[in-house]
Every structure is written in structure tokens, then in C-alpha cells.
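*Asks:* Just coords35.txt, nothing more (compact mmCIF, C-alpha atoms and all ligand atoms):
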# COMPACT_ATOMS: atom_id res chain seq x y z
CA MET A 1 -35.59 11.16 -7.35
CA PRO A 2 -33.28 8.54 -8.82
CA LYS A 3 -34.30 7.44 -12.28
CA GLN A 4 -32.57 4.16 -11.86
CA LYS A 5 -30.65 2.98 -8.84
CA PRO A 6 -26.96 2.51 -9.72
CA ALA A 7 -26.07 -1.15 -10.10
CA ARG A 8 -22.42 -0.59 -9.25
CA HIS A 9 -20.47 2.16 -7.58
CA PHE A 10 -17.27 4.16 -7.91
CA ALA A 11 -16.39 4.23 -4.21
CA SER A 12 -13.72 1.55 -4.27
CA ASP A 13 -12.34 -1.24 -6.39
CA ASN A 14 -12.98 -3.34 -3.26
CA TYR A 15 -16.72 -2.98 -3.87
CA ALA A 16 -16.50 -5.33 -6.87
CA GLY A 17 -17.16 -9.04 -6.59
CA ILE A 18 -14.96 -11.94 -7.55
CA CYS A 19 -14.10 -12.17 -11.23
CA PRO A 20 -15.21 -15.34 -13.08
CA GLU A 21 -11.68 -16.66 -13.62
CA ALA A 22 -10.83 -16.51 -9.91
CA PHE A 23 -14.19 -17.94 -8.94
CA ALA A 24 -13.86 -20.87 -11.34
CA ALA A 25 -10.42 -21.76 -9.98
CA MET A 26 -11.69 -21.56 -6.43
CA THR A 27 -14.61 -23.84 -7.30
CA GLU A 28 -12.22 -26.32 -8.87
CA ALA A 29 -9.98 -26.19 -5.81
CA ASN A 30 -13.02 -27.03 -3.73
CA ASN A 31 -13.57 -30.33 -5.51
CA ALA A 32 -10.99 -32.33 -3.63
CA HIS A 33 -8.91 -32.50 -0.49
CA ALA A 34 -5.53 -30.82 -0.61
CA ILE A 35 -2.53 -30.62 1.69
CA SER A 36 -2.78 -27.65 4.06
CA TYR A 37 -0.51 -24.68 4.86
CA GLY A 38 0.72 -24.11 1.31
CA GLU A 39 2.12 -27.54 0.52
CA ASP A 40 -0.60 -28.10 -2.09
CA THR A 41 -0.33 -28.20 -5.87
CA TRP A 42 -2.42 -25.03 -6.38
CA THR A 43 0.07 -22.99 -4.40
CA GLU A 44 2.96 -24.49 -6.32
CA LYS A 45 1.24 -23.75 -9.63
CA ALA A 46 0.37 -20.17 -8.66
CA SER A 47 3.95 -19.52 -7.51
CA ASN A 48 5.32 -20.90 -10.77
CA LEU A 49 2.90 -18.78 -12.79
CA LEU A 50 4.16 -15.70 -10.94
CA ARG A 51 7.73 -16.75 -11.78
CA ASP A 52 6.66 -16.94 -15.42
CA VAL A 53 4.99 -13.53 -15.28
CA PHE A 54 8.13 -11.93 -13.81
CA GLU A 55 10.50 -14.07 -15.88
CA THR A 56 12.67 -14.81 -12.89
CA ASP A 57 13.07 -17.27 -10.05
CA CYS A 58 11.43 -15.21 -7.30
CA GLU A 59 10.22 -16.33 -3.86
CA VAL A 60 6.44 -16.12 -3.51
CA PHE A 61 4.13 -15.98 -0.47
CA PHE A 62 0.35 -15.56 -0.38
CA VAL A 63 -1.19 -13.45 2.39
CA PHE A 64 -4.68 -12.24 3.19
CA ASN A 65 -4.46 -8.50 2.56
CA GLY A 66 -2.40 -5.51 1.55
CA THR A 67 -1.69 -4.27 5.04
CA SER A 68 -0.03 -7.54 6.01
CA ALA A 69 1.81 -7.81 2.68
CA ASN A 70 3.24 -4.31 3.11
CA SER A 71 4.03 -4.55 6.81
CA LEU A 72 5.61 -7.98 6.76
CA SER A 73 7.66 -7.29 3.65
CA LEU A 74 8.91 -3.99 5.08
CA ALA A 75 9.72 -5.75 8.35
CA ALA A 76 11.81 -8.22 6.35
CA LEU A 77 13.91 -5.36 4.98
CA CYS A 78 14.54 -3.51 8.22
CA GLN A 79 15.80 -3.80 11.76
CA SER A 80 13.87 -1.99 14.48
CA TYR A 81 16.36 0.91 14.49
CA HIS A 82 15.91 1.58 10.75
CA SER A 83 13.46 3.85 8.97
CA ILE A 84 11.25 3.41 5.93
CA LEU A 85 10.91 6.28 3.47
CA CYS A 86 7.58 6.61 1.72
CA HIS A 87 5.35 9.24 0.13
CA GLU A 88 3.30 11.28 2.58
CA LEU A 89 0.08 9.91 1.05
CA ALA A 90 1.25 6.29 1.19
CA HIS A 91 -1.09 3.61 2.44
CA VAL A 92 1.70 2.30 4.69
CA GLU A 93 1.74 5.68 6.40
CA GLY A 94 -1.89 6.66 6.69
CA SER A 95 -4.08 3.62 6.16
CA GLU A 96 -2.45 0.71 7.95
CA CYS A 97 -2.94 1.75 11.54
CA GLY A 98 0.80 1.70 12.20
CA ALA A 99 1.15 -1.94 11.13
CA PRO A 100 4.52 -1.44 9.38
CA GLU A 101 6.02 0.02 12.59
CA PHE A 102 4.32 -2.66 14.66
CA PHE A 103 5.48 -5.67 12.62
CA ALA A 104 8.97 -4.20 12.25
CA ASN A 105 9.19 -3.70 16.01
CA GLY A 106 9.33 0.08 15.90
CA THR A 107 10.99 0.88 12.58
CA LYS A 108 10.03 4.48 11.90
CA VAL A 109 8.16 5.59 8.81
CA LEU A 110 9.53 8.88 7.42
CA LEU A 111 7.45 10.87 4.98
CA LEU A 112 8.58 12.32 1.67
CA PRO A 113 6.80 14.94 -0.41
CA GLY A 114 6.16 14.86 -4.14
CA ALA A 115 3.60 16.05 -6.66
CA ALA A 116 0.81 13.79 -7.94
CA GLY A 117 1.39 11.09 -5.33
CA LYS A 118 4.95 10.40 -6.56
CA ILE A 119 8.05 10.73 -4.41
CA ASP A 120 10.22 13.67 -5.36
CA PRO A 121 13.64 12.04 -5.97
CA LYS A 122 15.48 14.97 -4.37
CA SER A 123 13.60 14.42 -1.13
CA ILE A 124 15.24 11.02 -0.68
CA GLU A 125 18.71 12.51 -0.52
CA ARG A 126 17.45 15.21 1.84
CA ALA A 127 15.91 12.62 4.19
CA VAL A 128 18.96 10.36 4.15
CA SER A 129 21.57 13.03 4.57
CA LYS A 130 19.61 15.21 6.98
CA ARG A 131 21.15 13.32 9.88
CA THR A 132 23.75 10.61 9.99
CA ASP A 133 24.27 10.45 13.72
CA ILE A 134 23.47 7.50 15.94
CA HIS A 135 20.34 9.23 17.32
CA TYR A 136 18.47 9.19 14.00
CA PRO A 137 16.60 6.10 12.71
CA LYS A 138 18.82 4.95 9.87
CA PRO A 139 16.98 4.96 6.51
CA ARG A 140 16.98 1.46 5.09
CA ALA A 141 13.93 1.01 2.87
CA LEU A 142 12.19 3.01 0.18
CA SER A 143 8.53 2.13 -0.26
CA LEU A 144 7.03 3.01 -3.65
CA THR A 145 3.35 2.72 -4.45
CA GLN A 146 2.66 1.64 -8.02
CA ALA A 147 0.03 2.71 -9.11
CA THR A 148 0.06 5.58 -6.60
CA GLU A 149 -2.66 6.45 -4.11
CA VAL A 150 -3.94 9.12 -6.49
CA GLY A 151 -4.02 6.89 -9.55
CA THR A 152 -0.86 8.12 -11.22
CA VAL A 153 1.82 5.71 -12.39
CA TYR A 154 5.61 6.02 -12.07
CA THR A 155 7.17 5.81 -15.53
CA LEU A 156 10.17 3.60 -16.24
CA ASP A 157 12.47 6.61 -16.21
CA GLU A 158 11.09 7.79 -12.89
CA LEU A 159 11.58 4.34 -11.38
CA HIS A 160 15.14 4.14 -12.65
CA GLU A 161 15.96 7.53 -11.19
CA LEU A 162 14.53 6.53 -7.79
CA ALA A 163 16.34 3.19 -7.89
CA GLN A 164 19.63 4.86 -8.68
CA ILE A 165 19.28 7.10 -5.64
CA ALA A 166 18.18 4.17 -3.49
CA ARG A 167 21.26 2.22 -4.56
CA ARG A 168 23.49 5.20 -3.77
CA PHE A 169 22.17 5.25 -0.21
CA GLN A 170 21.86 1.47 0.17
CA LEU A 171 18.11 1.60 0.51
CA ARG A 172 16.17 -1.52 -0.30
CA ILE A 173 13.08 -1.02 -2.42
CA GLN A 174 9.67 -2.34 -1.50
CA MET A 175 6.78 -1.77 -3.89
CA ASP A 176 3.20 -1.49 -2.69
CA GLY A 177 1.50 -2.90 -5.77
CA ALA A 178 -2.07 -3.03 -4.54
CA ARG A 179 -2.83 -1.84 -8.10
CA PHE A 180 0.31 -3.20 -9.75
CA ALA A 181 -1.75 -4.81 -12.54
CA ASN A 182 -3.18 -1.40 -13.42
CA ALA A 183 0.33 0.05 -13.59
CA VAL A 184 1.54 -2.70 -15.91
CA ALA A 185 -1.51 -2.27 -18.13
CA SER A 186 -1.02 1.49 -18.16
CA LEU A 187 2.65 1.43 -19.09
CA GLY A 188 2.40 -1.49 -21.51
CA VAL A 189 5.66 -2.95 -20.22
CA ALA A 190 6.76 -6.41 -19.15
CA PRO A 191 6.27 -6.80 -15.38
CA LYS A 192 10.01 -7.41 -14.94
CA GLU A 193 10.83 -3.97 -16.34
CA ILE A 194 9.12 -2.13 -13.49
CA THR A 195 10.16 -4.53 -10.74
CA TRP A 196 13.43 -6.42 -10.46
CA GLN A 197 14.99 -4.83 -13.53
CA ALA A 198 14.23 -1.45 -11.94
CA GLY A 199 15.81 -2.45 -8.64
CA VAL A 200 12.69 -3.53 -6.71
CA ASP A 201 13.60 -6.04 -4.00
CA VAL A 202 10.10 -7.06 -3.03
CA LEU A 203 6.68 -6.46 -4.54
CA CYS A 204 3.30 -6.70 -2.84
CA PHE A 205 1.22 -7.74 -5.82
CA GLY A 206 -2.42 -6.89 -5.24
CA GLY A 207 -4.99 -9.50 -6.11
CA THR A 208 -8.06 -8.17 -4.32
CA LYS A 209 -8.52 -5.00 -6.34
CA ASN A 210 -7.81 -6.91 -9.52
CA GLY A 211 -10.72 -9.36 -9.04
CA LEU A 212 -9.85 -11.86 -6.31
CA ALA A 213 -12.06 -12.33 -3.29
CA ILE A 214 -9.11 -11.90 -1.03
CA GLY A 215 -5.35 -12.06 -1.08
CA GLU A 216 -2.08 -10.52 -2.20
CA ALA A 217 1.16 -12.13 -3.33
CA VAL A 218 4.42 -11.07 -1.74
CA VAL A 219 7.07 -11.54 -4.40
CA PHE A 220 10.73 -11.37 -3.39
CA PHE A 221 13.10 -10.73 -6.28
CA ASN A 222 15.93 -10.44 -3.78
CA ARG A 223 15.66 -13.98 -2.51
CA GLU A 224 18.06 -13.46 0.37
CA LEU A 225 15.56 -11.06 1.95
CA ALA A 226 12.90 -13.79 1.92
CA ARG A 227 14.85 -15.89 4.41
CA GLU A 228 12.46 -17.06 7.15
CA PHE A 229 9.64 -14.95 5.72
CA ASP A 230 7.42 -18.01 6.14
CA TYR A 231 7.90 -17.72 9.91
CA ARG A 232 7.09 -14.02 9.77
CA CYS A 233 3.85 -14.82 7.93
CA LYS A 234 2.89 -17.48 10.43
CA GLN A 235 3.63 -15.25 13.42
CA GLY A 236 1.73 -12.40 11.80
CA GLY A 237 -1.38 -14.56 11.38
CA GLN A 238 -0.90 -14.74 7.62
CA LEU A 239 -0.29 -18.42 7.02
CA ALA A 240 -3.60 -19.72 5.65
CA SER A 241 -4.31 -23.28 6.67
CA LYS A 242 -6.48 -23.83 3.58
CA MET A 243 -3.91 -22.02 1.48
CA ARG A 244 -5.29 -23.33 -1.78
CA PHE A 245 -8.20 -20.91 -1.51
CA LEU A 246 -5.73 -18.00 -1.50
CA SER A 247 -3.55 -19.42 -4.25
CA ALA A 248 -5.98 -21.12 -6.67
CA PRO A 249 -7.63 -17.81 -7.66
CA TRP A 250 -4.19 -16.56 -8.72
CA VAL A 251 -3.95 -19.55 -11.06
CA GLY A 252 -7.28 -18.53 -12.55
CA MET A 253 -6.09 -14.96 -12.96
CA LEU A 254 -2.63 -15.64 -14.30
CA GLN A 255 -2.87 -18.68 -16.53
CA GLU A 256 -4.61 -16.96 -19.43
CA GLY A 257 -3.85 -13.35 -18.66
CA ALA A 258 -7.14 -12.35 -17.00
CA TRP A 259 -5.21 -10.15 -14.55
CA LEU A 260 -4.03 -7.86 -17.35
CA ARG A 261 -7.34 -7.92 -19.19
CA HIS A 262 -9.20 -6.82 -16.06
CA ALA A 263 -6.65 -4.11 -15.34
CA ARG A 264 -6.80 -2.80 -18.90
CA HIS A 265 -10.57 -2.72 -18.65
CA SER A 266 -10.72 -0.83 -15.35
CA ASN A 267 -8.13 1.64 -16.66
CA ALA A 268 -10.20 2.17 -19.81
CA MET A 269 -13.33 2.77 -17.74
CA ALA A 270 -11.48 5.43 -15.73
CA LYS A 271 -10.42 7.15 -18.96
CA ARG A 272 -14.00 7.10 -20.21
CA LEU A 273 -15.19 8.56 -16.91
CA GLU A 274 -12.56 11.29 -17.01
CA LYS A 275 -13.52 12.19 -20.56
CA GLY A 276 -17.19 12.34 -19.56
CA ILE A 277 -16.76 14.67 -16.58
CA ARG A 278 -13.70 16.78 -17.29
CA ASN A 279 -15.51 19.55 -19.20
CA LEU A 280 -18.49 19.84 -16.87
CA PRO A 281 -18.84 23.25 -15.21
CA GLY A 282 -17.08 23.40 -11.86
CA VAL A 283 -15.39 20.02 -12.28
CA LYS A 284 -11.61 19.80 -12.26
CA VAL A 285 -9.77 16.54 -12.73
CA ALA A 286 -6.94 16.70 -10.23
CA TYR A 287 -4.34 14.24 -11.53
CA SER A 288 -3.36 12.48 -14.68
CA VAL A 289 -5.65 9.45 -15.04
CA ASP A 290 -3.02 6.76 -15.53
CA SER A 291 -4.79 3.81 -13.93
CA ASN A 292 -8.28 2.99 -12.63
CA ALA A 293 -8.85 6.08 -10.48
CA VAL A 294 -10.21 9.51 -11.28
CA PHE A 295 -9.72 12.21 -8.67
CA ALA A 296 -11.83 15.28 -9.37
CA ARG A 297 -13.05 18.38 -7.66
CA ILE A 298 -16.80 18.36 -7.94
CA PRO A 299 -18.94 21.15 -6.49
CA ASP A 300 -20.25 20.16 -3.04
CA ALA A 301 -23.90 20.53 -4.01
CA ALA A 302 -23.44 18.15 -6.93
CA VAL A 303 -21.62 15.62 -4.73
CA GLU A 304 -24.50 15.74 -2.29
CA ALA A 305 -27.08 15.36 -5.04
CA MET A 306 -25.19 12.42 -6.56
CA HIS A 307 -25.10 10.72 -3.18
CA GLN A 308 -28.84 11.27 -2.91
CA ARG A 309 -29.28 9.58 -6.27
CA GLY A 310 -27.62 6.55 -4.74
CA TRP A 311 -24.07 6.89 -6.05
CA HIS A 312 -21.41 5.84 -3.55
CA PHE A 313 -18.04 7.52 -3.80
CA TYR A 314 -15.67 8.99 -1.27
CA THR A 315 -14.73 12.61 -0.79
CA HIS A 316 -11.94 14.13 1.24
CA ILE A 317 -10.21 10.75 1.68
CA GLY A 318 -7.16 11.23 3.85
CA GLY A 319 -7.55 15.00 3.74
CA TRP A 320 -7.75 15.28 -0.03
CA GLU A 321 -10.30 17.73 -1.32
CA GLU A 322 -11.28 15.70 -4.33
CA SER A 323 -13.87 13.05 -4.94
CA ARG A 324 -12.25 9.72 -5.65
CA LEU A 325 -13.90 7.66 -8.37
CA MET A 326 -12.55 4.12 -8.68
CA CYS A 327 -13.28 1.74 -11.54
CA SER A 328 -13.15 -2.03 -11.23
CA TRP A 329 -12.87 -5.11 -13.39
CA ASP A 330 -16.69 -5.22 -13.52
CA THR A 331 -17.41 -1.53 -14.18
CA THR A 332 -19.43 -1.29 -17.39
CA THR A 333 -19.60 1.47 -19.98
CA GLU A 334 -23.26 1.83 -18.95
CA ASP A 335 -22.22 2.46 -15.32
CA VAL A 336 -19.85 5.18 -16.46
CA ASP A 337 -22.32 6.75 -18.85
CA GLN A 338 -25.10 6.72 -16.26
CA PHE A 339 -22.80 8.41 -13.72
CA VAL A 340 -21.76 11.02 -16.27
CA ALA A 341 -25.36 11.64 -17.35
CA ASP A 342 -26.52 12.07 -13.74
CA LEU A 343 -23.65 14.40 -12.87
CA SER A 344 -24.17 16.44 -16.06
CA GLU A 345 -27.85 16.85 -15.28
CA LEU A 346 -27.21 17.88 -11.68
CA ILE A 347 -24.41 20.26 -12.43
CA SER A 348 -25.84 22.23 -15.34
C1 LIG B 401 -2.23 1.71 -2.10
C2 LIG B 401 -2.84 0.61 -1.28
N1 LIG B 401 -2.04 -0.29 -0.69
C3 LIG B 401 -2.52 -1.34 -0.02
C4 LIG B 401 -3.89 -1.53 0.11
C5 LIG B 401 -4.40 -2.79 0.77
O1 LIG B 401 -5.03 -2.63 1.93
P1 LIG B 401 -5.86 -3.76 2.67
O2 LIG B 401 -5.10 -4.10 3.89
O3 LIG B 401 -7.16 -3.11 2.96
O4 LIG B 401 -5.98 -4.95 1.76
C6 LIG B 401 -4.77 -0.59 -0.44
C7 LIG B 401 -6.22 -0.71 -0.24
O5 LIG B 401 -6.98 0.21 -0.23
C8 LIG B 401 -4.23 0.50 -1.15
O6 LIG B 401 -5.03 1.40 -1.73
For the file at hand, write its structure as C-alpha cells.

*Replies:*
Amino acid sequence: MPKQKPARHFASDNYAGICPEAFAAMTEANNAHAISYGEDTWTEKASNLLRDVFETDCEVFFVFNGTSANSLSLAALCQSYHSILCHELAHVEGSECGAPEFFANGTKVLLLPGAAGKIDPKSIERAVSKRTDIHYPKPRALSLTQATEVGTVYTLDELHELAQIARRFQLRIQMDGARFANAVASLGVAPKEITWQAGVDVLCFGGTKNGLAIGEAVVFFNRELAREFDYRCKQGGQLASKMRFLSAPWVGMLQEGAWLRHARHSNAMAKRLEKGIRNLPGVKVAYSVDSNAVFARIPDAAVEAMHQRGWHFYTHIGGWEESRLMCSWDTTTEDVDQFVADLSELIS
């Protein structure tokens, strides 16, 4: 029987609520009328704060979720006869119900292999030069997920190597940054170093998993590619009429650095969790814990018993054999320690 029902879970960083900074900004935005469809001062302020964060004059759009951010940004990079190269575990491939192909009018997604959720640089050349005839969908975009689907983080050197190859083959780079904040916190770099200075044309900057209620920012460093993106958003159902409620929370997150603080915290919780479980009998941590995720093989009986104790976490996501344990901005050390204590008791 459970000793104490878990207060929070490790199933997903989407389980967490809204962080106080985002909530406060939303409350403030609710105090008055504001111009609709993004012409309001909150949206202007949030866009300018993003320009400050990236230290460049980028084009910024706010959309409701990661699927739309990824699909619409990829559509902006490609014609229908192009292809998008991404890792075989990428969200754009397996978790967006074909939205990138749909919004890009049939652009094909081609899958690349690579250990630990990272694209093997050699596989790009293989995919591009495999066929150059008119019958093959011409590779045009490289989609990188930072942090990756398995919680690892591309280093600066790895990004530069990928960007160099992308440049050689005239591939534009889109970054799925649903957990971009966690990657920045993990690497301890300036955001510009792993985006536009590393050749990224457009970033989908995740807000939801970082503590917003809802919403991602699509940030174009290559401003030419943002031409008419506002129409694409509108047509794709992504132009919020009360835009201030998408943008104000970003102001709350960015103005005093809450976004990085929350990311550092969730990363630290994942490290603590890894440390707590990695030496338990039968447990094997599957990947380097670089961000807020721990992927671990846990004996089936222990997984079942943990679920019975009320712990929510996913197993075999997308065909993986590991349990995925995600930490959030609101995960506490007590949550981690209680999980570790329960698992230790059940496994030994
Ligand atoms: C790597 C990655 N990209 C994008 C998303 C955003 O997806 P959604 O459309 O559910 O906001 C997620 C969410 O799980 C994700 O893990």
C-alpha cells in the first residue's frame, strides 16, 4: 500500500502547472483591454525580450504548441517537393501525426540514425548524396532537437559539425527547442552560441515545458525565411486573437531570467534522480542525463509496483524499452527522494 500518495509525477514536464512568474504576468495582462491579434504591447515586449536573449534582431511569432511551431516553421523552409532530414526518434517524425508533411503540402520527412538521440553527421551526407535525380525529394531542411528526445544535449562542437555539413549541402536548419531552455542551462552558453551563431535559421523555443500554461515562440534568425509567416500562422489556426495571453507569460519568464532558473532546477532534479537510482540492482540508466530527463531500464515488476504506489511515468514510449522520468520546474527534492526511496524498497 502507498505510504504517501505522490504529490507530483515524473511522467511528463507537461504535468506541471504554470510557474508563478508566468501566472503573475498573465494576471497583469488580464487587468485591462488590449489590442487583439498580436498588436498589443505585451507581444511587443515579449518579442523584444527574446531579441535581447538572443542578442540579435530576430523575427518572433507566438503559437499555441510545439507541433504547430515545428510544422509551420519547417513548411516555411521547404517547398512541397523538398525533404526534411531529422533523427529517427524526432518528435516531428513520430509524435506530430504527420503535421510537418501536412503543413508543408507533402514535403517528405527522411529519417537519420544516430546514437543517444543525436543525428550521426555522416548520415546527412549519405541521405543527401544517396540520390540526386529528379525523382527523389530534394533534401532542404535539417531538423535538430535540442535537448533531444532522450534528454541528451548536442554540444557546441557537435552543432558546428552538423551546421558545416548542412551548409555544404545547402540545408536550412530548424531547431525543435521544446526543451531549449534545458539545453542552454546544461551547456552554460549564451543562447546565441547554440542558435544563430551555430547556423540555426529558425528555433521553436518551448515555453510549455519550461513553465508556461501554453505556447511556444517561433524565432527566425534568418529573417528572409519569416516572410509571410504571419499568414501561415493564421491559416494554420495559430494566430491567437487574445495574443497577449500567449505573449505576456513570456515577459514574466524572460524579464528576470526565470526561464533559465526553472531549467537549471529541472536539470538538477534529473541529476539527483539519476544519482539516486543508478546503482539500484537491475536498473540501468540508458543515456547521459544532460537535461531534465532520465531514461532508465527498470525491472518490469518494479515498474508495475511503482505504478501501483501511484507513481505516473511512461514506459516503452515510441518503442523505447526504458522508463522515461521527466523533471519539471516544480519537481522538489522531496519528490525525487520519495521516488528513489520507493523504488529502492521495491527493488531490493
Ligand atoms: C521534442 C518535442 N518537440 C515538440 C514537442 C511539443 O509538442 P506539443 O505539440 O504537444 O506541444 C514535444 C512535446 O512533447 C517534444 O517532446

*Asks:* Once you count only C-alpha atoms, which residues end up no further than 12 Å from (-11.2, 5.6, -15.6) in the file's frame, shown as number ranges by chain?

*Replies:* A: 10, 13, 151-152, 182, 186, 263-278, 285, 287-296, 324-329, 331-333, 335-337, 340

*Asks:* Give as a PyMOL selection string the residues surrounding ligand LIG 401 (chain B) up to a distance of 9 Å, considering only C-alpha atoms and all ligand atoms.

*Replies:* chain A and resi 12-14+64-70+90-92+95-96+145-150+176-179+204+206+208-209+214-216

*Asks:* Between A:Leu50, A:Leu280, A:Ile35, A:Ser323, single out the one closest to Arg297 in chain A, counting only C-alpha atoms.

*Replies:* A:Ser323

*Asks:* Write out as a PyMOL selection string each polymer residue whose atoms come within 6 Å of Ala46 in chain A, counting all atoms listed in the file; drop sequence neighbours fewer than 3 positions from it.

*Replies:* chain A and resi 43+49+247+250-251

*Asks:* To one decimal place in Å, what is the distance between CA of Ala141 in chain A and CA of Leu110 in chain A?

*Replies:*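 Between these atoms lies a distance of 10.1 Å.
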
*Asks:* Considering all atoms listed in the file, return as a list in words whatever protein or nucleic-acid residues lie within 12 Å of Leu159 in chain A, sequence-local ones (same chain, fewer than 6 positions apart) excluded.

*Replies:*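 Once the nearby chain positions are removed, what remains is Lys118, Ile119, Asp120, Pro121, Leu142, Ser143, Leu144, Thr145, Gln146, Ala147, Val153, Ile165, Ala166, Ile173, Met175, Glu193, Ile194, Thr195, Trp196, Gln197, Ala198, Gly199 and Val200 of chain A.
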
*Asks:* Could you put an axis-aligned box around every listed atom of range 203-208 of chain A, padded by 5 Å on each side, and send me its centre and edge lengths in Å to one decimal, as AutoDock Vina command-line options?

*Replies:*
--center_x -0.7 --center_y -8.0 --center_z -4.5 --size_x 24.7 --size_y 13.0 --size_z 13.3

*Asks:* Kindly give the distance, in Å, that separates CA of Gln170 in chain A and CA of Cys58 in chain A, rounded to a single decimal.

*Replies:*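 Computing it gives 21.0 Å between the two atoms.
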
*Asks:* Please, what distance in Å, to one decimal, runs between CA of Phe61 in chain A and CA of Val218 in chain A?

*Replies:*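 It comes out at 5.1 Å.
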